$ cat structure.csv   # CSV, C-alpha atoms and all ligand atoms
chain,number,residue,atom,x,y,z
A,1,THR,CA,25.1,26.9,-0.8
A,2,HIS,CA,27.9,24.4,-1.0
A,3,PHE,CA,25.3,21.7,-1.7
A,4,GLY,CA,24.7,23.6,-5.0
A,5,PHE,CA,21.0,22.9,-5.2
A,6,GLU,CA,19.2,26.0,-4.1
A,7,THR,CA,20.3,27.8,-7.2
A,8,VAL,CA,18.5,25.3,-9.4
A,9,ASN,CA,15.2,26.9,-10.5
A,10,GLU,CA,11.8,25.2,-10.1
A,11,ASP,CA,11.4,23.6,-13.5
A,12,GLU,CA,14.9,22.3,-13.3
A,13,LYS,CA,14.3,20.7,-10.0
A,14,THR,CA,11.1,19.0,-11.4
A,15,LYS,CA,13.1,17.7,-14.4
A,16,LYS,CA,16.0,16.6,-12.3
A,17,VAL,CA,13.8,14.7,-9.8
A,18,HIS,CA,12.1,13.0,-12.7
A,19,GLN,CA,15.4,11.9,-14.2
A,20,VAL,CA,16.6,10.6,-10.8
A,21,PHE,CA,13.6,8.3,-10.3
A,22,GLU,CA,13.7,7.3,-14.0
A,23,THR,CA,17.2,6.2,-13.4
A,24,VAL,CA,16.8,4.4,-10.1
A,25,ALA,CA,13.4,2.8,-10.5
A,26,ASP,CA,14.7,-0.7,-11.2
A,27,LYS,CA,17.2,-0.6,-8.3
A,28,TYR,CA,15.0,1.4,-6.0
A,29,ASP,CA,13.9,-1.3,-3.6
A,30,LEU,CA,17.3,-2.9,-3.3
A,31,MET,CA,19.0,0.5,-2.7
A,32,ASN,CA,16.6,1.4,0.1
A,33,ASP,CA,17.6,-1.8,1.9
A,34,VAL,CA,21.3,-1.2,1.4
A,35,MET,CA,21.4,2.5,2.2
A,36,SER,CA,19.3,2.2,5.3
A,37,LEU,CA,20.6,-1.2,6.3
A,38,GLY,CA,17.0,-2.4,6.1
A,39,VAL,CA,15.7,0.1,8.7
A,40,HIS,CA,13.4,1.9,6.2
A,41,ARG,CA,11.2,-1.2,6.5
A,42,VAL,CA,10.8,-0.6,10.2
A,43,TRP,CA,10.1,3.1,9.7
A,44,LYS,CA,7.4,2.2,7.2
A,45,ASP,CA,5.9,-0.4,9.5
A,46,ILE,CA,5.7,2.2,12.3
A,47,PHE,CA,4.1,4.6,9.8
A,48,MET,CA,1.4,2.1,9.0
A,49,MET,CA,0.8,1.4,12.7
A,50,ARG,CA,0.3,5.2,13.2
A,51,LEU,CA,-2.2,5.4,10.3
A,52,ALA,CA,-4.0,2.3,11.7
A,53,PRO,CA,-6.4,2.2,8.8
A,54,THR,CA,-9.9,0.8,9.5
A,55,PRO,CA,-12.1,-1.0,7.0
A,56,GLY,CA,-13.8,1.6,4.7
A,57,THR,CA,-10.6,3.7,4.5
A,58,LYS,CA,-10.1,5.4,1.1
A,59,LEU,CA,-6.4,6.0,0.9
A,60,LEU,CA,-4.4,8.2,-1.5
A,61,ASP,CA,-0.8,7.1,-1.3
A,62,MET,CA,1.0,10.1,-2.8
A,63,ALA,CA,4.4,9.6,-4.4
A,64,GLY,CA,3.7,6.0,-3.8
A,65,GLY,CA,6.4,4.8,-6.1
A,66,THR,CA,6.9,1.0,-6.1
A,67,GLY,CA,4.1,0.5,-3.6
A,68,ASP,CA,5.8,0.0,-0.2
A,69,ILE,CA,3.2,2.0,1.8
A,70,SER,CA,0.2,0.7,-0.2
A,71,PHE,CA,1.3,-3.0,0.3
A,72,ARG,CA,1.6,-2.4,4.0
A,73,TYR,CA,-1.9,-0.9,4.0
A,74,LEU,CA,-3.3,-3.9,2.2
A,75,ASN,CA,-1.6,-6.2,4.7
A,76,TYR,CA,-2.8,-4.2,7.6
A,77,LEU,CA,-6.4,-4.4,6.4
A,78,LYS,CA,-6.2,-8.1,5.6
A,79,ASN,CA,-5.9,-8.8,9.3
A,80,LYS,CA,-9.1,-6.8,10.0
A,81,ASP,CA,-12.7,-7.8,9.6
A,82,LEU,CA,-13.4,-6.0,6.3
A,83,SER,CA,-17.1,-6.7,6.6
A,84,ALA,CA,-17.1,-4.3,9.6
A,85,SER,CA,-17.8,-1.5,7.2
A,86,ASP,CA,-20.3,-1.3,4.4
A,87,LYS,CA,-18.1,1.1,2.5
A,88,PRO,CA,-15.4,-0.6,0.5
A,89,SER,CA,-11.7,0.1,1.3
A,90,SER,CA,-9.5,1.3,-1.5
A,91,VAL,CA,-6.0,2.6,-2.2
A,92,THR,CA,-4.9,4.9,-5.1
A,93,VAL,CA,-1.1,4.8,-5.6
A,94,CYS,CA,-0.2,8.1,-7.2
A,95,ASP,CA,3.2,9.0,-8.6
A,96,ILE,CA,4.5,11.4,-11.1
A,97,ASN,CA,6.8,8.8,-12.6
A,98,GLN,CA,5.1,6.0,-14.6
A,99,HIS,CA,8.3,3.9,-14.5
A,100,MET,CA,8.2,3.7,-10.7
A,101,LEU,CA,4.5,2.8,-10.9
A,102,ASP,CA,5.3,0.0,-13.4
A,103,VAL,CA,7.8,-1.5,-11.1
A,104,GLY,CA,5.2,-1.3,-8.3
A,105,LYS,CA,2.5,-3.0,-10.5
A,106,ALA,CA,4.9,-5.8,-11.4
A,107,ARG,CA,5.6,-6.3,-7.7
A,108,ALA,CA,1.8,-6.3,-6.9
A,109,GLU,CA,1.4,-9.1,-9.5
A,110,ARG,CA,4.3,-11.1,-8.2
A,111,GLN,CA,3.3,-10.8,-4.5
A,112,GLY,CA,-0.4,-11.4,-5.2
A,113,TYR,CA,-1.7,-8.0,-4.2
A,114,SER,CA,-3.4,-7.4,-7.5
A,115,LYS,CA,-5.7,-10.3,-6.7
A,116,GLU,CA,-6.7,-9.0,-3.3
A,117,PRO,CA,-10.5,-8.9,-3.7
A,118,SER,CA,-11.5,-7.0,-0.6
A,119,VAL,CA,-9.5,-3.8,-1.2
A,120,HIS,CA,-9.7,-2.0,-4.5
A,121,MET,CA,-6.3,-0.9,-5.8
A,122,GLU,CA,-5.5,1.6,-8.6
A,123,TRP,CA,-2.4,3.3,-10.0
A,124,LEU,CA,-2.4,6.9,-11.1
A,125,CYS,CA,0.3,8.9,-12.8
A,126,ALA,CA,-0.1,12.5,-11.7
A,127,ASP,CA,1.7,15.4,-10.1
A,128,ALA,CA,1.1,15.9,-6.3
A,129,GLU,CA,1.0,19.7,-7.0
A,130,ARG,CA,-2.0,19.5,-9.3
A,131,LEU,CA,-4.1,16.4,-8.8
A,132,PRO,CA,-6.8,15.4,-11.4
A,133,LEU,CA,-9.0,14.4,-8.4
A,134,ALA,CA,-12.2,15.9,-7.0
A,135,ASP,CA,-12.4,17.7,-3.7
A,136,ASP,CA,-13.3,15.8,-0.5
A,137,THR,CA,-12.6,12.4,-2.0
A,138,TYR,CA,-10.2,10.5,0.3
A,139,SER,CA,-10.3,9.7,4.0
A,140,ALA,CA,-6.5,9.4,4.3
A,141,TYR,CA,-3.5,10.8,2.5
A,142,THR,CA,-0.1,9.3,3.0
A,143,VAL,CA,3.2,10.5,1.5
A,144,SER,CA,6.4,8.6,2.4
A,145,PHE,CA,9.8,9.9,1.4
A,146,GLY,CA,8.1,11.8,-1.4
A,147,ILE,CA,7.3,15.3,-0.4
A,148,ARG,CA,11.0,16.2,-0.2
A,149,ASN,CA,11.2,15.6,-3.9
A,150,CYS,CA,8.4,17.9,-4.8
A,151,THR,CA,9.2,21.4,-6.1
A,152,ARG,CA,6.5,23.4,-4.4
A,153,VAL,CA,5.7,21.7,-1.1
A,154,ASP,CA,3.1,24.3,-0.2
A,155,LYS,CA,1.1,23.4,-3.4
A,156,VAL,CA,1.4,19.7,-2.4
A,157,LEU,CA,0.0,20.4,1.0
A,158,GLU,CA,-2.9,22.5,-0.4
A,159,GLU,CA,-3.8,19.7,-2.8
A,160,ALA,CA,-3.7,17.1,0.0
A,161,TYR,CA,-6.1,19.3,2.0
A,162,ARG,CA,-8.4,19.8,-1.0
A,163,VAL,CA,-8.8,16.1,-1.9
A,164,LEU,CA,-9.3,14.9,1.7
A,165,GLN,CA,-12.8,14.6,3.1
A,166,PRO,CA,-13.5,16.6,6.3
A,167,GLY,CA,-12.2,14.5,9.1
A,168,GLY,CA,-9.6,13.0,6.8
A,169,ARG,CA,-6.0,12.5,7.9
A,170,PHE,CA,-2.7,13.6,6.4
A,171,LEU,CA,0.3,11.5,7.4
A,172,CYS,CA,3.8,12.1,6.1
A,173,LEU,CA,7.0,10.1,6.6
A,174,GLU,CA,10.1,12.0,5.6
A,175,PHE,CA,13.8,12.4,6.4
A,176,SER,CA,14.3,15.2,8.9
A,177,GLN,CA,17.0,16.9,10.9
A,178,LEU,CA,18.7,15.5,14.0
A,179,PRO,CA,18.3,17.8,17.0
A,180,ASN,CA,21.7,16.9,18.3
A,181,SER,CA,24.5,18.6,16.3
A,182,THR,CA,27.1,15.9,17.1
A,183,MET,CA,24.8,13.2,15.8
A,184,GLN,CA,23.8,15.3,12.8
A,185,TRP,CA,27.6,15.6,12.0
A,186,MET,CA,28.1,11.9,12.2
A,187,TYR,CA,25.0,11.2,10.1
A,188,ASP,CA,26.2,13.8,7.5
A,189,GLN,CA,29.6,12.0,7.3
A,190,TYR,CA,27.8,8.7,6.7
A,191,SER,CA,25.4,10.1,4.1
A,192,PHE,CA,27.7,12.4,2.2
A,193,GLN,CA,30.6,10.0,2.1
A,194,MET,CA,28.9,6.6,1.8
A,195,ILE,CA,25.6,6.9,0.0
A,196,PRO,CA,26.9,8.1,-3.4
A,197,VAL,CA,29.7,5.5,-3.2
A,198,MET,CA,27.1,2.7,-2.6
A,199,GLY,CA,25.0,4.1,-5.4
A,200,GLN,CA,28.0,3.9,-7.7
A,201,LEU,CA,28.9,0.4,-6.6
A,202,ILE,CA,25.5,-1.2,-6.5
A,203,ALA,CA,23.4,0.8,-9.0
A,204,GLY,CA,26.3,2.1,-11.2
A,205,GLN,CA,25.1,5.6,-10.6
A,206,TRP,CA,26.6,8.4,-8.5
A,207,LYS,CA,24.6,11.5,-9.2
A,208,PRO,CA,21.1,10.4,-8.2
A,209,TYR,CA,22.4,9.3,-4.8
A,210,LYS,CA,24.3,12.6,-4.4
A,211,TYR,CA,21.0,14.4,-5.1
A,212,LEU,CA,19.2,12.2,-2.5
A,213,VAL,CA,21.6,13.2,0.2
A,214,GLU,CA,21.5,16.9,-0.7
A,215,SER,CA,17.7,16.9,-0.8
A,216,ILE,CA,17.5,15.4,2.7
A,217,ARG,CA,19.8,18.1,4.2
A,218,GLN,CA,17.7,20.8,2.5
A,219,PHE,CA,14.3,19.7,3.7
A,220,PRO,CA,12.8,21.9,6.5
A,221,ASP,CA,13.2,20.7,10.1
A,222,GLN,CA,10.4,19.1,12.2
A,223,GLU,CA,9.0,22.4,13.5
A,224,LYS,CA,9.2,24.3,10.3
A,225,PHE,CA,7.5,21.5,8.4
A,226,LYS,CA,4.8,21.4,11.1
A,227,SER,CA,4.0,25.0,10.5
A,228,MET,CA,3.8,24.5,6.8
A,229,ILE,CA,1.2,21.8,7.3
A,230,GLU,CA,-0.7,24.1,9.5
A,231,GLU,CA,-0.6,26.9,7.0
A,232,ALA,CA,-2.3,24.6,4.5
A,233,GLY,CA,-5.2,24.4,6.9
A,234,PHE,CA,-4.6,21.2,8.8
A,235,ARG,CA,-5.4,21.0,12.5
A,236,GLN,CA,-4.0,19.0,15.4
A,237,VAL,CA,-0.7,18.8,13.7
A,238,THR,CA,1.9,16.7,15.5
A,239,TYR,CA,5.1,14.9,14.8
A,240,GLU,CA,7.1,12.1,16.1
A,241,ASN,CA,10.9,11.5,15.5
A,242,LEU,CA,12.1,8.1,14.4
A,243,THR,CA,15.7,7.0,15.0
A,244,PHE,CA,16.8,10.2,16.7
A,245,GLY,CA,15.2,12.4,14.1
A,246,ILE,CA,16.7,10.9,11.0
A,247,CYS,CA,13.0,10.6,10.0
A,248,ALA,CA,9.8,12.1,11.3
A,249,ILE,CA,6.2,11.3,11.0
A,250,HIS,CA,4.0,14.4,10.7
A,251,SER,CA,0.2,14.0,11.2
A,252,GLY,CA,-2.7,16.4,10.7
A,253,PHE,CA,-6.4,16.5,10.2
A,254,LYS,CA,-8.8,18.3,7.9
A,255,LEU,CA,-11.4,19.4,10.4
A,301,LIG,N1,6.6,6.2,-1.2
A,301,LIG,C1,7.6,5.3,-1.7
A,301,LIG,C2,8.5,4.8,-0.6
A,301,LIG,O1,8.3,5.2,0.5
A,301,LIG,O2,9.3,3.9,-0.8
A,301,LIG,C3,8.5,6.0,-2.8
A,301,LIG,C4,9.3,7.1,-2.4
A,301,LIG,S1,10.4,7.7,-3.6
A,301,LIG,C5,11.8,8.1,-2.6
A,301,LIG,C6,9.9,9.3,-4.1
A,301,LIG,C7,8.8,9.3,-5.2
A,301,LIG,O3,8.3,10.6,-5.3
A,301,LIG,C8,9.3,8.9,-6.6
A,301,LIG,O4,8.6,7.7,-7.0
A,301,LIG,C9,9.0,10.1,-7.4
A,301,LIG,O5,8.6,9.8,-8.8
A,301,LIG,C10,7.9,10.7,-6.7
A,301,LIG,N2,7.6,12.1,-7.0
A,301,LIG,C11,8.5,13.1,-7.1
A,301,LIG,N3,7.9,14.3,-7.4
A,301,LIG,C12,6.5,14.0,-7.4
A,301,LIG,C13,5.4,14.8,-7.6
A,301,LIG,N4,5.5,16.1,-7.9
A,301,LIG,N5,4.2,14.2,-7.6
A,301,LIG,C14,4.1,12.9,-7.3
A,301,LIG,N6,5.1,12.1,-7.1
A,301,LIG,C15,6.4,12.6,-7.1
$ encode --input "structure.csv" --output "structure tokens" --more "lines below"
Ligand code: SAM
Amino acid sequence: THFGFETVNEDEKTKKVHQVFETVADKYDLMNDVMSLGVHRVWKDIFMMRLAPTPGTKLLDMAGGTGDISFRYLNYLKNKDLSASDKPSSVTVCDINQHMLDVGKARAERQGYSKEPSVHMEWLCADAERLPLADDTYSAYTVSFGIRNCTRVDKVLEEAYRVLQPGGRFLCLEFSQLPNSTMQWMYDQYSFQMIPVMGQLIAGQWKPYKYLVESIRQFPDQEKFKSMIEEAGFRQVTYENLTFGICAIHSGFKL
């Protein structure tokens, strides 16, 4: 294709993604704010409202990067009566890139999350496609802007299904496709023209941001992704568009 990405073989994609996040880790949080004009914060807030975790939740935050979803989870639970459950709440932030996790850990220290006594937090460097985790372990699995970067999405979904307990919930926030072609065109103009330029100006890097835009365009649309989640075994799979379909939240249950 003219995006020049589908010809890349699987191992190359894995390496390329690793390089991308190695390069952007230190500027990752700033660039999210700049590129989305701050809107990614609202999408993530909505995502956490949809998860609506209760005390006792054991969350696996896959591709958790610098901790945006996990910190929201901790904040959400802080406002609940944690003694309502005799089971402790926990979150495992998992990412394939140790550098992203290190930035996240430093943030957790700075913002006081590492001292949160009521919710156990741990950081795990591992590949979503082969998790060093036992079957039926977690009650919730989140992945936010991460699954698009994985080489074999079917493997990721299979692993998500495996490590979730029966009744457990899968929730994914990811860039998606706009159903309206005029709007998709305008959005493509913005992203293909502006995002690499911003990357160059702010982070001094062009290529990682070009990759970002291409990977968004190549990710399956809402319906296709929904059927992939169903193929992995999840039930009651639904999705919701955010900002006209720029993003979507997909939900499913292991039943
Ligand atoms: N979840 C965070 C957020 O919403 O801000 C971070 C998302 S960041 C765009 C994507 C993350 O996916 C990166 O930290 C990258 O290292 C991670 N990643 C890419 N491939 C992965 C894989 N196979 N397994 C686990 N994490 C992966």
$ closest_residue --input "structure.csv" --among "A:Leu171, A:Leu201, A:Ile96, A:Ala25" --to "Tyr141 in chain A" --atoms "all atoms listed in the file"
A:Leu171
$ residues_near_ligand --input "structure.csv" --ligand "ligand LIG 301 (chain A)" --cutoff "8 Å" --atoms "all atoms listed in the file" --output "PyMOL selection string"
chain A and resi 14+17-18+21-22+25+29+32+44+61-69+94-98+100-101+125-129+143-151+156+173
$ write_last_selection --input "structure.csv" --atoms "C-alpha atoms" --output "PDB file, in the frame of the given file"
ATOM      1  CA  THR A  14      11.100  19.000 -11.400  1.00  0.00           C
ATOM      2  CA  VAL A  17      13.800  14.700  -9.800  1.00  0.00           C
ATOM      3  CA  HIS A  18      12.100  13.000 -12.700  1.00  0.00           C
ATOM      4  CA  PHE A  21      13.600   8.300 -10.300  1.00  0.00           C
ATOM      5  CA  GLU A  22      13.700   7.300 -14.000  1.00  0.00           C
ATOM      6  CA  ALA A  25      13.400   2.800 -10.500  1.00  0.00           C
ATOM      7  CA  ASP A  29      13.900  -1.300  -3.600  1.00  0.00           C
ATOM      8  CA  ASN A  32      16.600   1.400   0.100  1.00  0.00           C
ATOM      9  CA  LYS A  44       7.400   2.200   7.200  1.00  0.00           C
ATOM     10  CA  ASP A  61      -0.800   7.100  -1.300  1.00  0.00           C
ATOM     11  CA  MET A  62       1.000  10.100  -2.800  1.00  0.00           C
ATOM     12  CA  ALA A  63       4.400   9.600  -4.400  1.00  0.00           C
ATOM     13  CA  GLY A  64       3.700   6.000  -3.800  1.00  0.00           C
ATOM     14  CA  GLY A  65       6.400   4.800  -6.100  1.00  0.00           C
ATOM     15  CA  THR A  66       6.900   1.000  -6.100  1.00  0.00           C
ATOM     16  CA  GLY A  67       4.100   0.500  -3.600  1.00  0.00           C
ATOM     17  CA  ASP A  68       5.800   0.000  -0.200  1.00  0.00           C
ATOM     18  CA  ILE A  69       3.200   2.000   1.800  1.00  0.00           C
ATOM     19  CA  CYS A  94      -0.200   8.100  -7.200  1.00  0.00           C
ATOM     20  CA  ASP A  95       3.200   9.000  -8.600  1.00  0.00           C
ATOM     21  CA  ILE A  96       4.500  11.400 -11.100  1.00  0.00           C
ATOM     22  CA  ASN A  97       6.800   8.800 -12.600  1.00  0.00           C
ATOM     23  CA  GLN A  98       5.100   6.000 -14.600  1.00  0.00           C
ATOM     24  CA  MET A 100       8.200   3.700 -10.700  1.00  0.00           C
ATOM     25  CA  LEU A 101       4.500   2.800 -10.900  1.00  0.00           C
ATOM     26  CA  CYS A 125       0.300   8.900 -12.800  1.00  0.00           C
ATOM     27  CA  ALA A 126      -0.100  12.500 -11.700  1.00  0.00           C
ATOM     28  CA  ASP A 127       1.700  15.400 -10.100  1.00  0.00           C
ATOM     29  CA  ALA A 128       1.100  15.900  -6.300  1.00  0.00           C
ATOM     30  CA  GLU A 129       1.000  19.700  -7.000  1.00  0.00           C
ATOM     31  CA  VAL A 143       3.200  10.500   1.500  1.00  0.00           C
ATOM     32  CA  SER A 144       6.400   8.600   2.400  1.00  0.00           C
ATOM     33  CA  PHE A 145       9.800   9.900   1.400  1.00  0.00           C
ATOM     34  CA  GLY A 146       8.100  11.800  -1.400  1.00  0.00           C
ATOM     35  CA  ILE A 147       7.300  15.300  -0.400  1.00  0.00           C
ATOM     36  CA  ARG A 148      11.000  16.200  -0.200  1.00  0.00           C
ATOM     37  CA  ASN A 149      11.200  15.600  -3.900  1.00  0.00           C
ATOM     38  CA  CYS A 150       8.400  17.900  -4.800  1.00  0.00           C
ATOM     39  CA  THR A 151       9.200  21.400  -6.100  1.00  0.00           C
ATOM     40  CA  VAL A 156       1.400  19.700  -2.400  1.00  0.00           C
ATOM     41  CA  LEU A 173       7.000  10.100   6.600  1.00  0.00           C
TER      42      LEU A 173
END
$ residues_around --input "structure.csv" --residues "range 249-251 of chain A" --least-positions-apart "3" --cutoff "8 Å" --atoms "all atoms listed in the file" --output "PDB file with C-alpha atoms, keeping the file's coordinate frame"
ATOM      1  CA  PHE A  47       4.100   4.600   9.800  1.00  0.00           C
ATOM      2  CA  ARG A 169      -6.000  12.500   7.900  1.00  0.00           C
ATOM      3  CA  PHE A 170      -2.700  13.600   6.400  1.00  0.00           C
ATOM      4  CA  LEU A 171       0.300  11.500   7.400  1.00  0.00           C
ATOM      5  CA  CYS A 172       3.800  12.100   6.100  1.00  0.00           C
ATOM      6  CA  LEU A 173       7.000  10.100   6.600  1.00  0.00           C
ATOM      7  CA  GLU A 174      10.100  12.000   5.600  1.00  0.00           C
ATOM      8  CA  LYS A 226       4.800  21.400  11.100  1.00  0.00           C
ATOM      9  CA  GLN A 236      -4.000  19.000  15.400  1.00  0.00           C
ATOM     10  CA  VAL A 237      -0.700  18.800  13.700  1.00  0.00           C
ATOM     11  CA  THR A 238       1.900  16.700  15.500  1.00  0.00           C
ATOM     12  CA  TYR A 239       5.100  14.900  14.800  1.00  0.00           C
ATOM     13  CA  GLU A 240       7.100  12.100  16.100  1.00  0.00           C
ATOM     14  CA  ASN A 241      10.900  11.500  15.500  1.00  0.00           C
ATOM     15  CA  LEU A 242      12.100   8.100  14.400  1.00  0.00           C
TER      16      LEU A 242
END
$ atom_distance --input "structure.csv" --atom1 "CA of Tyr187 in chain A" --atom2 "CA of Trp206 in chain A"
18.9 Å
$ atom_distance --input "structure.csv" --atom1 "CA of Gly168 in chain A" --atom2 "CA of Phe253 in chain A"
5.8 Å
$ atom_distance --input "structure.csv" --atom1 "CA of Gln222 in chain A" --atom2 "CA of Asp188 in chain A"
17.3 Å
$ closest_residue --input "structure.csv" --among "A:Arg130, A:Lys13, A:Arg41, A:Lys155" --to "Tyr211 in chain A" --atoms "all atoms listed in the file"
A:Lys13
$ closest_residue --input "structure.csv" --among "A:Glu10, A:Glu116, A:Asp33, A:Asp81" --to "Gly199 in chain A" --atoms "all atoms listed in the file"
A:Asp33
$ closest_residue --input "structure.csv" --among "A:His99, A:Lys115, A:Arg110, A:His40" --to "Leu74 in chain A" --atoms "only C-alpha atoms"
A:Lys115
$ residues_near_point --input "structure.csv" --point "(-13.1, 2.5, 6.9)" --cutoff "10 Å" --atoms "all atoms listed in the file" --output "list in words"
Pro53, Thr54, Pro55, Gly56, Thr57, Lys58, Leu59, Leu77, Leu82, Ala84, Ser85, Asp86, Lys87, Pro88, Ser89, Ser90, Ser139 and Ala140 of chain A
$ decode --input "structure.csv" --residues "range 80-126 of chain A" --atoms "C-alpha atoms" --output "PDB file, in the first residue's frame"
ATOM      1  CA  LYS A  80     -14.843   4.043  46.786  1.00  0.00           C
ATOM      2  CA  ASP A  81     -15.149   2.298  50.097  1.00  0.00           C
ATOM      3  CA  LEU A  82     -12.327  -0.175  49.690  1.00  0.00           C
ATOM      4  CA  SER A  83     -13.390  -2.112  52.748  1.00  0.00           C
ATOM      5  CA  ALA A  84     -16.516  -3.078  50.780  1.00  0.00           C
ATOM      6  CA  SER A  85     -14.610  -6.107  49.544  1.00  0.00           C
ATOM      7  CA  ASP A  86     -12.545  -8.537  51.565  1.00  0.00           C
ATOM      8  CA  LYS A  87     -10.446  -9.181  48.472  1.00  0.00           C
ATOM      9  CA  PRO A  88      -7.647  -6.645  47.914  1.00  0.00           C
ATOM     10  CA  SER A  89      -7.688  -4.554  44.737  1.00  0.00           C
ATOM     11  CA  SER A  90      -4.618  -4.624  42.522  1.00  0.00           C
ATOM     12  CA  VAL A  91      -3.232  -3.440  39.224  1.00  0.00           C
ATOM     13  CA  THR A  92      -0.461  -4.930  37.122  1.00  0.00           C
ATOM     14  CA  VAL A  93       0.925  -2.496  34.576  1.00  0.00           C
ATOM     15  CA  CYS A  94       2.348  -4.619  31.787  1.00  0.00           C
ATOM     16  CA  ASP A  95       4.359  -3.343  28.826  1.00  0.00           C
ATOM     17  CA  ILE A  96       6.914  -4.827  26.455  1.00  0.00           C
ATOM     18  CA  ASN A  97       9.116  -1.755  26.826  1.00  0.00           C
ATOM     19  CA  GLN A  98      10.975  -1.313  30.118  1.00  0.00           C
ATOM     20  CA  HIS A  99      11.782   2.318  29.295  1.00  0.00           C
ATOM     21  CA  MET A 100       8.065   3.206  29.122  1.00  0.00           C
ATOM     22  CA  LEU A 101       7.511   1.418  32.459  1.00  0.00           C
ATOM     23  CA  ASP A 102      10.427   3.323  34.017  1.00  0.00           C
ATOM     24  CA  VAL A 103       8.866   6.638  32.999  1.00  0.00           C
ATOM     25  CA  GLY A 104       5.591   5.369  34.514  1.00  0.00           C
ATOM     26  CA  LYS A 105       7.265   4.310  37.761  1.00  0.00           C
ATOM     27  CA  ALA A 106       8.927   7.712  38.129  1.00  0.00           C
ATOM     28  CA  ARG A 107       5.531   9.357  37.594  1.00  0.00           C
ATOM     29  CA  ALA A 108       3.961   7.071  40.208  1.00  0.00           C
ATOM     30  CA  GLU A 109       6.649   8.158  42.690  1.00  0.00           C
ATOM     31  CA  ARG A 110       6.226  11.840  41.895  1.00  0.00           C
ATOM     32  CA  GLN A 111       2.448  11.785  42.044  1.00  0.00           C
ATOM     33  CA  GLY A 112       2.300   9.670  45.199  1.00  0.00           C
ATOM     34  CA  TYR A 113       0.664   6.610  43.636  1.00  0.00           C
ATOM     35  CA  SER A 114       3.435   4.298  44.742  1.00  0.00           C
ATOM     36  CA  LYS A 115       2.452   5.018  48.364  1.00  0.00           C
ATOM     37  CA  GLU A 116      -1.208   4.153  47.829  1.00  0.00           C
ATOM     38  CA  PRO A 117      -1.652   1.538  50.570  1.00  0.00           C
ATOM     39  CA  SER A 118      -5.067   0.190  49.657  1.00  0.00           C
ATOM     40  CA  VAL A 119      -4.369  -0.915  46.087  1.00  0.00           C
ATOM     41  CA  HIS A 120      -1.395  -3.102  45.258  1.00  0.00           C
ATOM     42  CA  MET A 121       0.487  -1.898  42.164  1.00  0.00           C
ATOM     43  CA  GLU A 122       3.111  -3.821  40.220  1.00  0.00           C
ATOM     44  CA  TRP A 123       5.023  -3.306  36.976  1.00  0.00           C
ATOM     45  CA  LEU A 124       5.713  -6.147  34.574  1.00  0.00           C
ATOM     46  CA  CYS A 125       7.805  -6.117  31.413  1.00  0.00           C
ATOM     47  CA  ALA A 126       6.277  -8.731  29.093  1.00  0.00           C
TER      48      ALA A 126
END
